[in-house]
Amino acid sequence: MSSVIGTGMHRKSWSWFIGNQFSFGPEAIRQLAGVVHRQSAKRVLLISDKQLVEVGIVGQVAAVLEDTEAECIIFDGGEVEPSTDTVNAVVASAREFQPDLFVAVGGGSNMDLGKAAVAAYGHDCDPESLFGFDLVPGPMPTLVCIPTTAGTGSEVTHAAIIKSSSTGKKAGILSQHIRPAIALVDPTLTLSCSSQVTAECGIDALTHATEAYLVKNFYAFEDDHQHGLPYEGNHPLGDMYAEKAISLIGKHLKQACAKPDILTSRSAMAFAASLAGAAFASCGVSVAHALEYPIGSKYKCSHGAGNGIVLPALLKFWCQSRQARIAKMAALLGVPDADKMDEAEAAQAAIGWIAETRKLIELPTCLRDVGGAESDLDELAEVTVSLQRLIDLSPVPIAAPEAKLILQDAL
């Protein structure tokens, strides 16, 4: 029987994908010993970076492994923007060591490095051949992700962003096969994050939750029974995760930045990041991320800072179709008296909260803060709308002129 690629009809159902184990809380890394036991693992390859080795976080994870019978080696060559050369270096280490369990420790970059490397190792292929959607041939060896920041949610997503060493350009691997089997989220590991990193990661998580909450609805898409969909579109379970994430961020982001030693806020932000990651990994992200990719590339600002720059301007643009939902965000974020406002007022209050908080936690508030200029906008807009997979999720049609208007508002 031939594969049915499309139905030609809008969907009436949606799907939710998640890993096999999600463990959360202080000392969650101790769960790694149980993972090793249940996986009958004898050799573990731990993927991280030199900075996390120096601050002792890699040592904490390695100490858990010392209490098992498994042999462990550490790859500490992780980068801020992992490249395909680094992916191949991990693969080379794995071929020599022959691990039966992989553990990635760090922020989104190290976890993405782990996903790409384990997929390339498991299928004996060039990592660049995996760029795109649904190009990983099948399941990969078991990967455990342990985040040390509260932002990307990479520990629960099916995406990895890797820089091609041949072109210098970043590209994505998007496949359900690279979703980590196990996520161990220990908020104590985020205590070493600076206020700046906390702020950048926090606004990143807020952008993930917000876009998942506002993207086009699931029934606006056709099914693809051969490949599935890269993102499902907005649906009720995504709403549940996104709303909880937005609420936690509204209550705890400012305190996590101002008083980084308070574990209560760190824990809330770590949980919010994972919830937002799960929401966007299913529902999708859209124009904010499409705008940020060329901004980050051109001005070398962090992903979180770039998202923060464009998010308020994007929400103003989306208000024409998503006003009710943006208005609900006001209450979720903790805007005073949001329940007494009419819909339009509440929506503007939510946007205002994001803009005000962005300034309070000392993030860039406009493109000019990172070197942007009016003369750059046409180029940025053209790159933005070329990212069709993200643009297709927008609840409002967007082409280059609309992208430029959003960028002008963010300038």
# chains A, B, ... in the order shown; residues from 1 in each chain; ligands from 1
>>> residues_around(residues="Tyr219 (chain A)", least_positions_apart="5", cutoff="8 Å", atoms="only C-alpha atoms", output="ChimeraX atom specification")
/A:10-13,233
>>> select_by_dssp(residues="region 97-263 of chain A", states="helix (DSSP H, G or I)", output="ChimeraX atom specification")
/A:97,108-123,127-130,154-156,176-178,187-190,195-214,218-220,236-258,263
>>> write_last_selection(atoms="C-alpha atoms", output="PDB file, in the first residue's frame")
ATOM      1  CA  PHE A  97      34.852   4.292  23.599  1.00  0.00           C
ATOM      2  CA  GLY A 108      20.787  24.283  25.160  1.00  0.00           C
ATOM      3  CA  SER A 109      24.044  24.250  23.196  1.00  0.00           C
ATOM      4  CA  ASN A 110      25.470  21.206  24.967  1.00  0.00           C
ATOM      5  CA  MET A 111      22.160  19.370  24.855  1.00  0.00           C
ATOM      6  CA  ASP A 112      21.797  20.120  21.129  1.00  0.00           C
ATOM      7  CA  LEU A 113      25.365  18.917  20.615  1.00  0.00           C
ATOM      8  CA  GLY A 114      24.431  15.712  22.391  1.00  0.00           C
ATOM      9  CA  LYS A 115      21.335  15.167  20.273  1.00  0.00           C
ATOM     10  CA  ALA A 116      23.173  15.721  16.996  1.00  0.00           C
ATOM     11  CA  ALA A 117      26.177  13.615  17.989  1.00  0.00           C
ATOM     12  CA  VAL A 118      24.156  10.668  19.285  1.00  0.00           C
ATOM     13  CA  ALA A 119      22.014  10.673  16.130  1.00  0.00           C
ATOM     14  CA  ALA A 120      25.079  10.851  13.851  1.00  0.00           C
ATOM     15  CA  TYR A 121      26.866   8.155  15.858  1.00  0.00           C
ATOM     16  CA  GLY A 122      23.847   5.866  16.028  1.00  0.00           C
ATOM     17  CA  HIS A 123      23.254   6.044  12.282  1.00  0.00           C
ATOM     18  CA  PRO A 127      25.592  15.352  10.827  1.00  0.00           C
ATOM     19  CA  GLU A 128      24.885  17.743   7.943  1.00  0.00           C
ATOM     20  CA  SER A 129      22.811  15.008   6.284  1.00  0.00           C
ATOM     21  CA  LEU A 130      20.407  15.317   9.240  1.00  0.00           C
ATOM     22  CA  SER A 154      16.110  21.426  24.969  1.00  0.00           C
ATOM     23  CA  GLU A 155      15.914  18.542  27.435  1.00  0.00           C
ATOM     24  CA  VAL A 156      12.358  17.833  26.224  1.00  0.00           C
ATOM     25  CA  GLN A 176      11.076  12.965  16.973  1.00  0.00           C
ATOM     26  CA  HIS A 177      13.974  10.498  17.018  1.00  0.00           C
ATOM     27  CA  ILE A 178      16.336  13.008  18.679  1.00  0.00           C
ATOM     28  CA  PRO A 187      17.349  23.426  39.652  1.00  0.00           C
ATOM     29  CA  THR A 188      20.343  23.571  41.995  1.00  0.00           C
ATOM     30  CA  LEU A 189      22.529  23.315  38.888  1.00  0.00           C
ATOM     31  CA  THR A 190      21.237  26.720  37.742  1.00  0.00           C
ATOM     32  CA  SER A 195      21.927  37.428  36.431  1.00  0.00           C
ATOM     33  CA  GLN A 196      22.503  38.134  32.744  1.00  0.00           C
ATOM     34  CA  VAL A 197      22.272  34.476  31.742  1.00  0.00           C
ATOM     35  CA  THR A 198      19.234  34.062  33.996  1.00  0.00           C
ATOM     36  CA  ALA A 199      17.529  37.023  32.306  1.00  0.00           C
ATOM     37  CA  GLU A 200      18.358  35.882  28.774  1.00  0.00           C
ATOM     38  CA  CYS A 201      17.216  32.339  29.464  1.00  0.00           C
ATOM     39  CA  GLY A 202      14.073  33.517  31.259  1.00  0.00           C
ATOM     40  CA  ILE A 203      12.893  35.711  28.387  1.00  0.00           C
ATOM     41  CA  ASP A 204      13.699  32.861  26.009  1.00  0.00           C
ATOM     42  CA  ALA A 205      11.430  30.545  27.990  1.00  0.00           C
ATOM     43  CA  LEU A 206       8.711  33.200  28.009  1.00  0.00           C
ATOM     44  CA  THR A 207       8.987  33.527  24.234  1.00  0.00           C
ATOM     45  CA  HIS A 208       8.674  29.757  23.836  1.00  0.00           C
ATOM     46  CA  ALA A 209       5.548  29.609  25.981  1.00  0.00           C
ATOM     47  CA  THR A 210       4.014  32.709  24.389  1.00  0.00           C
ATOM     48  CA  GLU A 211       4.505  31.560  20.819  1.00  0.00           C
ATOM     49  CA  ALA A 212       3.202  28.067  21.608  1.00  0.00           C
ATOM     50  CA  TYR A 213       0.130  29.744  23.118  1.00  0.00           C
ATOM     51  CA  LEU A 214      -0.491  32.021  20.140  1.00  0.00           C
ATOM     52  CA  PHE A 218      -3.830  22.618  14.994  1.00  0.00           C
ATOM     53  CA  TYR A 219      -6.882  22.233  12.747  1.00  0.00           C
ATOM     54  CA  ALA A 220      -5.472  24.745  10.264  1.00  0.00           C
ATOM     55  CA  PRO A 236      -5.405  22.283  24.457  1.00  0.00           C
ATOM     56  CA  LEU A 237      -2.554  20.339  26.084  1.00  0.00           C
ATOM     57  CA  GLY A 238      -0.066  22.869  24.755  1.00  0.00           C
ATOM     58  CA  ASP A 239      -2.217  25.596  26.325  1.00  0.00           C
ATOM     59  CA  MET A 240      -2.033  23.886  29.703  1.00  0.00           C
ATOM     60  CA  TYR A 241       1.760  23.729  29.634  1.00  0.00           C
ATOM     61  CA  ALA A 242       2.172  27.235  28.177  1.00  0.00           C
ATOM     62  CA  GLU A 243      -0.196  28.876  30.654  1.00  0.00           C
ATOM     63  CA  LYS A 244       1.573  27.300  33.619  1.00  0.00           C
ATOM     64  CA  ALA A 245       4.956  28.345  32.240  1.00  0.00           C
ATOM     65  CA  ILE A 246       3.803  31.946  31.665  1.00  0.00           C
ATOM     66  CA  SER A 247       2.376  32.103  35.173  1.00  0.00           C
ATOM     67  CA  LEU A 248       5.579  30.803  36.780  1.00  0.00           C
ATOM     68  CA  ILE A 249       7.733  33.203  34.768  1.00  0.00           C
ATOM     69  CA  GLY A 250       5.465  36.122  35.635  1.00  0.00           C
ATOM     70  CA  LYS A 251       5.840  35.366  39.318  1.00  0.00           C
ATOM     71  CA  HIS A 252       9.524  34.388  39.521  1.00  0.00           C
ATOM     72  CA  LEU A 253      11.634  35.829  36.672  1.00  0.00           C
ATOM     73  CA  LYS A 254      12.342  39.182  38.297  1.00  0.00           C
ATOM     74  CA  GLN A 255      13.291  37.623  41.623  1.00  0.00           C
ATOM     75  CA  ALA A 256      15.486  34.976  39.980  1.00  0.00           C
ATOM     76  CA  CYS A 257      17.461  37.795  38.342  1.00  0.00           C
ATOM     77  CA  ALA A 258      17.575  40.068  41.397  1.00  0.00           C
ATOM     78  CA  LEU A 263      16.245  28.229  45.146  1.00  0.00           C
TER      79      LEU A 263
END
>>> residues_around(residues="region 360-373 of chain A", least_positions_apart="2", cutoff="6 Å", atoms="only C-alpha atoms", output="ChimeraX atom specification")
/A:309,357-358,375-376,410-411
>>> closest_residue(among="A:Gly306, A:Gly153, A:Gly352, A:Gly168", to="Ile326 (chain A)", atoms="only C-alpha atoms")
A:Gly352
>>> atom_distance(atom1="CA of Gly304 (chain A)", atom2="CA of Leu380 (chain A)")
17.4 Å
>>> residues_around(residues="Pro294 (chain A)", least_positions_apart="6", cutoff="9 Å", atoms="only C-alpha atoms", output="PDB file with N, CA and C atoms, in the first residue's frame")
ATOM      1  N   GLU A 379      17.034  43.580   4.770  1.00  0.00           N
ATOM      2  CA  GLU A 379      17.774  42.315   4.776  1.00  0.00           C
ATOM      3  C   GLU A 379      17.245  41.377   5.855  1.00  0.00           C
ATOM      4  N   LEU A 380      17.044  41.906   7.065  1.00  0.00           N
ATOM      5  CA  LEU A 380      16.532  41.088   8.166  1.00  0.00           C
ATOM      6  C   LEU A 380      15.147  40.537   7.846  1.00  0.00           C
ATOM      7  N   ALA A 381      14.311  41.358   7.238  1.00  0.00           N
ATOM      8  CA  ALA A 381      12.948  40.926   6.904  1.00  0.00           C
ATOM      9  C   ALA A 381      12.958  39.814   5.865  1.00  0.00           C
ATOM     10  N   VAL A 383      15.324  37.593   5.274  1.00  0.00           N
ATOM     11  CA  VAL A 383      15.774  36.342   5.889  1.00  0.00           C
ATOM     12  C   VAL A 383      14.663  35.765   6.767  1.00  0.00           C
ATOM     13  N   THR A 384      13.981  36.633   7.485  1.00  0.00           N
ATOM     14  CA  THR A 384      12.900  36.182   8.369  1.00  0.00           C
ATOM     15  C   THR A 384      11.857  35.391   7.608  1.00  0.00           C
TER      16      THR A 384
END
>>> select_by_dssp(residues="region 21-182 of chain A", states="strand (DSSP E or B)", output="PyMOL selection string")
chain A and resi 21-24+43-47+49+71-75+77+83+101-106+132-133+143-147+159-163+170-174+182
>>> write_last_selection(atoms="C-alpha atoms", output="PDB file, in the first residue's frame")
ATOM      1  CA  GLN A  21      11.333   9.943  31.830  1.00  0.00           C
ATOM      2  CA  PHE A  22      11.190  13.460  33.244  1.00  0.00           C
ATOM      3  CA  SER A  23      12.610  13.882  36.745  1.00  0.00           C
ATOM      4  CA  PHE A  24      12.500  17.258  38.482  1.00  0.00           C
ATOM      5  CA  ARG A  43      30.090   2.744  29.484  1.00  0.00           C
ATOM      6  CA  VAL A  44      28.814   6.328  29.699  1.00  0.00           C
ATOM      7  CA  LEU A  45      29.962   9.222  27.528  1.00  0.00           C
ATOM      8  CA  LEU A  46      29.340  12.531  29.297  1.00  0.00           C
ATOM      9  CA  ILE A  47      29.128  15.541  26.946  1.00  0.00           C
ATOM     10  CA  ASP A  49      32.112  21.965  28.221  1.00  0.00           C
ATOM     11  CA  GLU A  71      32.904   3.459  33.270  1.00  0.00           C
ATOM     12  CA  CYS A  72      32.648   7.137  32.292  1.00  0.00           C
ATOM     13  CA  ILE A  73      34.649   9.381  29.993  1.00  0.00           C
ATOM     14  CA  ILE A  74      34.062  13.119  29.579  1.00  0.00           C
ATOM     15  CA  PHE A  75      33.966  15.106  26.347  1.00  0.00           C
ATOM     16  CA  GLY A  77      34.590  20.424  24.021  1.00  0.00           C
ATOM     17  CA  SER A  83      29.532  23.105  15.057  1.00  0.00           C
ATOM     18  CA  LEU A 101      24.591   5.543  27.366  1.00  0.00           C
ATOM     19  CA  PHE A 102      25.112   9.227  26.571  1.00  0.00           C
ATOM     20  CA  VAL A 103      24.648  12.104  29.046  1.00  0.00           C
ATOM     21  CA  ALA A 104      24.600  15.761  27.919  1.00  0.00           C
ATOM     22  CA  VAL A 105      25.118  18.354  30.661  1.00  0.00           C
ATOM     23  CA  GLY A 106      24.727  22.100  30.125  1.00  0.00           C
ATOM     24  CA  GLY A 132      15.976  19.569   8.082  1.00  0.00           C
ATOM     25  CA  PHE A 133      12.827  17.796   9.210  1.00  0.00           C
ATOM     26  CA  LEU A 143      20.469  10.127  25.636  1.00  0.00           C
ATOM     27  CA  VAL A 144      20.036  11.700  29.073  1.00  0.00           C
ATOM     28  CA  CYS A 145      19.883  15.500  29.173  1.00  0.00           C
ATOM     29  CA  ILE A 146      20.689  17.474  32.320  1.00  0.00           C
ATOM     30  CA  PRO A 147      20.102  21.232  31.890  1.00  0.00           C
ATOM     31  CA  ALA A 159      15.217  20.007  17.786  1.00  0.00           C
ATOM     32  CA  ALA A 160      18.955  20.688  17.712  1.00  0.00           C
ATOM     33  CA  ILE A 161      20.549  23.833  16.292  1.00  0.00           C
ATOM     34  CA  ILE A 162      24.033  23.210  14.893  1.00  0.00           C
ATOM     35  CA  LYS A 163      26.427  25.430  12.921  1.00  0.00           C
ATOM     36  CA  LYS A 170      23.286  27.550  11.665  1.00  0.00           C
ATOM     37  CA  ALA A 171      20.744  24.902  10.731  1.00  0.00           C
ATOM     38  CA  GLY A 172      18.263  22.749  12.571  1.00  0.00           C
ATOM     39  CA  ILE A 173      17.832  19.027  12.983  1.00  0.00           C
ATOM     40  CA  LEU A 174      14.158  18.414  13.677  1.00  0.00           C
ATOM     41  CA  ILE A 182      15.417  11.020  29.766  1.00  0.00           C
TER      42      ILE A 182
END
>>> residues_around(residues="Ser40 (chain A)", least_positions_apart="5", cutoff="10 Å", atoms="only C-alpha atoms", output="list in words")
Gly34, Val35, Glu69, Ala70, Asp100 and Leu101 of chain A
>>> write_last_selection(atoms="N, CA and C atoms", output="short mmCIF file (atom, residue, chain, number, x, y, z; two decimals), in the first residue's frame")
data_model
loop_
_atom_site.label_atom_id
_atom_site.label_comp_id
_atom_site.auth_asym_id
_atom_site.auth_seq_id
_atom_site.Cartn_x
_atom_site.Cartn_y
_atom_site.Cartn_z
N GLY A 34 19.96 5.42 38.92
CA GLY A 34 18.90 4.49 38.57
C GLY A 34 18.79 4.27 37.07
N VAL A 35 19.01 5.34 36.31
CA VAL A 35 18.98 5.22 34.86
C VAL A 35 20.06 4.25 34.39
N GLU A 69 28.54 0.93 38.53
CA GLU A 69 29.64 0.12 37.99
C GLU A 69 30.04 0.57 36.59
N ALA A 70 29.42 1.64 36.11
CA ALA A 70 29.69 2.08 34.74
C ALA A 70 30.99 2.87 34.66
N ASP A 100 27.31 2.83 25.86
CA ASP A 100 25.93 2.36 25.71
C ASP A 100 24.94 3.33 26.35
N LEU A 101 25.45 4.48 26.84
CA LEU A 101 24.59 5.54 27.37
C LEU A 101 25.32 6.87 27.18
#
